[in-house]
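To keep things clear, I will list the structure first and then write my remarks on it.
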Amino acid sequence: MEKNVGGIDRQMRLAAGATAGLSSLAILGGYFQVDEVYSLVLGVLAVAILGTAYTQKCPACNALGHNSYEEEE
């Protein structure tokens, strides 16, 4: 699969992934009074979002034909 995540898209994924990851840790730390299952869901979501930002490859964008990587060039 070719790179299809770039520019602003990548920055937004980094911000969203970091927010989800920190929220997951905050739930585990007891800062929010919700079920711990939400921490697991947010943690998995954070890893997936940060993974697509790091590799610049997103299977969902590939399936939909979206490519923000080529817009940079």
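Just so we're on the same page: first chain in the structure tokens is A, next is B, and so on; residues restart at 1 for each chain, and ligands are numbered from 1 in the order they show up.
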Do you know which residues are at most 12 Å from Ala26 of chain A counting only C-alpha atoms, after dropping those on the same chain fewer than 3 positions away, and could you put them as a ChimeraX atom specification?
-> /A:19-23,29-36,38-40,42-43
Those residues you just picked out, can you put them in a file as a short mmCIF file (atom, residue, chain, number, x, y, z; two decimals), in the first residue's frame with C-alpha atoms?
```
data_model
loop_
_atom_site.label_atom_id
_atom_site.label_comp_id
_atom_site.auth_asym_id
_atom_site.auth_seq_id
_atom_site.Cartn_x
_atom_site.Cartn_y
_atom_site.Cartn_z
CA THR A 19 -5.89 12.88 23.13
CA ALA A 20 -7.41 9.40 23.04
CA GLY A 21 -4.30 7.92 24.64
CA LEU A 22 -4.18 10.47 27.43
CA SER A 23 -7.90 10.02 28.06
CA GLY A 29 -5.69 6.69 36.83
CA GLY A 30 -9.14 7.28 38.27
CA TYR A 31 -9.60 10.85 37.05
CA PHE A 32 -12.90 9.89 35.39
CA GLN A 33 -15.56 7.75 37.05
CA VAL A 34 -16.46 5.50 34.10
CA ASP A 35 -16.05 1.81 33.34
CA GLU A 36 -12.51 0.73 32.60
CA TYR A 38 -13.71 2.75 27.93
CA SER A 39 -10.00 2.95 28.70
CA LEU A 40 -9.39 -0.17 26.63
CA LEU A 42 -9.70 4.53 23.79
CA GLY A 43 -6.30 2.85 24.07
#
```
As a ChimeraX atom specification, which residues of segment 18-67 of chain A does DSSP assign to alpha helix (DSSP H)?
-> /A:18-28,37-55,59-64
Prev. selection, N, CA and C atoms, output as a CSV table (one decimal), in the first residue's frame:
```
chain,number,residue,atom,x,y,z
A,18,ALA,N,-3.1,11.3,20.4
A,18,ALA,CA,-2.6,11.6,21.7
A,18,ALA,C,-3.7,11.9,22.7
A,19,THR,N,-4.8,12.6,22.3
A,19,THR,CA,-5.9,12.9,23.1
A,19,THR,C,-6.6,11.6,23.6
A,20,ALA,N,-6.8,10.7,22.7
A,20,ALA,CA,-7.4,9.4,23.0
A,20,ALA,C,-6.5,8.6,24.0
A,21,GLY,N,-5.2,8.6,23.8
A,21,GLY,CA,-4.3,7.9,24.6
A,21,GLY,C,-4.2,8.5,26.0
A,22,LEU,N,-4.2,9.8,26.1
A,22,LEU,CA,-4.2,10.5,27.4
A,22,LEU,C,-5.5,10.3,28.2
A,23,SER,N,-6.6,10.3,27.4
A,23,SER,CA,-7.9,10.0,28.1
A,23,SER,C,-8.0,8.6,28.6
A,24,SER,N,-7.4,7.7,27.9
A,24,SER,CA,-7.4,6.3,28.3
A,24,SER,C,-6.6,6.2,29.6
A,25,LEU,N,-5.4,6.8,29.7
A,25,LEU,CA,-4.6,6.8,30.9
A,25,LEU,C,-5.3,7.5,32.0
A,26,ALA,N,-6.0,8.6,31.7
A,26,ALA,CA,-6.7,9.3,32.8
A,26,ALA,C,-7.8,8.4,33.4
A,27,ILE,N,-8.5,7.6,32.6
A,27,ILE,CA,-9.5,6.7,33.1
A,27,ILE,C,-8.9,5.7,34.0
A,28,LEU,N,-7.8,5.1,33.6
A,28,LEU,CA,-7.1,4.1,34.4
A,28,LEU,C,-6.6,4.7,35.7
A,37,VAL,N,-13.6,-0.3,30.7
A,37,VAL,CA,-13.7,-0.8,29.3
A,37,VAL,C,-13.5,0.4,28.4
A,38,TYR,N,-13.9,1.6,28.8
A,38,TYR,CA,-13.7,2.8,27.9
A,38,TYR,C,-12.2,3.1,27.8
A,39,SER,N,-11.4,2.8,28.8
A,39,SER,CA,-10.0,3.0,28.7
A,39,SER,C,-9.4,2.0,27.6
A,40,LEU,N,-9.9,0.8,27.6
A,40,LEU,CA,-9.4,-0.2,26.6
A,40,LEU,C,-9.8,0.3,25.2
A,41,VAL,N,-11.0,0.7,25.0
A,41,VAL,CA,-11.5,1.2,23.7
A,41,VAL,C,-10.6,2.4,23.3
A,42,LEU,N,-10.5,3.3,24.2
A,42,LEU,CA,-9.7,4.5,23.8
A,42,LEU,C,-8.2,4.2,23.5
A,43,GLY,N,-7.7,3.3,24.3
A,43,GLY,CA,-6.3,2.8,24.1
A,43,GLY,C,-6.1,2.2,22.7
A,44,VAL,N,-7.0,1.3,22.3
A,44,VAL,CA,-6.9,0.6,21.0
A,44,VAL,C,-7.1,1.7,19.9
A,45,LEU,N,-8.0,2.6,20.1
A,45,LEU,CA,-8.3,3.6,19.1
A,45,LEU,C,-7.0,4.5,19.0
A,46,ALA,N,-6.4,4.9,20.1
A,46,ALA,CA,-5.2,5.7,20.0
A,46,ALA,C,-4.1,5.0,19.3
A,47,VAL,N,-3.9,3.7,19.5
A,47,VAL,CA,-2.8,3.0,18.8
A,47,VAL,C,-3.1,3.0,17.3
A,48,ALA,N,-4.3,2.7,17.0
A,48,ALA,CA,-4.7,2.7,15.5
A,48,ALA,C,-4.5,4.0,14.9
A,49,ILE,N,-4.9,5.1,15.5
A,49,ILE,CA,-4.8,6.4,14.9
A,49,ILE,C,-3.3,6.8,14.8
A,50,LEU,N,-2.6,6.6,15.9
A,50,LEU,CA,-1.2,7.0,15.9
A,50,LEU,C,-0.4,6.1,14.9
A,51,GLY,N,-0.8,4.9,14.8
A,51,GLY,CA,-0.1,4.0,13.8
A,51,GLY,C,-0.3,4.5,12.4
A,52,THR,N,-1.5,4.9,12.0
A,52,THR,CA,-1.7,5.4,10.7
A,52,THR,C,-1.0,6.7,10.4
A,53,ALA,N,-0.9,7.5,11.5
A,53,ALA,CA,-0.1,8.8,11.4
A,53,ALA,C,1.3,8.5,11.2
A,54,TYR,N,1.9,7.6,11.9
A,54,TYR,CA,3.3,7.2,11.8
A,54,TYR,C,3.7,6.6,10.5
A,55,THR,N,2.9,5.6,10.0
A,55,THR,CA,3.2,5.0,8.8
A,55,THR,C,2.7,5.7,7.6
A,59,PRO,N,-5.7,2.1,5.8
A,59,PRO,CA,-6.5,1.2,4.9
A,59,PRO,C,-7.9,1.7,4.6
A,60,ALA,N,-8.5,2.5,5.5
A,60,ALA,CA,-9.9,3.0,5.3
A,60,ALA,C,-9.8,4.1,4.2
A,61,CYS,N,-8.8,5.0,4.3
A,61,CYS,CA,-8.7,6.0,3.2
A,61,CYS,C,-8.3,5.3,1.9
A,62,ASN,N,-7.6,4.3,1.9
A,62,ASN,CA,-7.2,3.5,0.7
A,62,ASN,C,-8.5,2.9,0.0
A,63,ALA,N,-9.4,2.4,0.9
A,63,ALA,CA,-10.6,1.8,0.4
A,63,ALA,C,-11.6,2.8,-0.2
A,64,LEU,N,-11.5,4.0,0.4
A,64,LEU,CA,-12.4,5.1,0.0
A,64,LEU,C,-11.8,5.9,-1.2
```
How many Å lie between atom CA of Gln56 of chain A and atom CA of Asn4 of chain A, rounded to one decimal?
->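 Atom CA of Asn4 of chain A lies at a distance of 6.1 Å from atom CA of Gln56 of chain A.
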In Å, with one decimal, what is the gap from atom CA of Val5 of chain A to atom CA of Asn67 of chain A?
-> 6.4 Å
Work out how far atom CA of Ser68 of chain A is from atom CA of Arg13 of chain A, in Å to one decimal.
->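 Computed distance, atom CA of Arg13 of chain A to atom CA of Ser68 of chain A, equals 12.4 Å.
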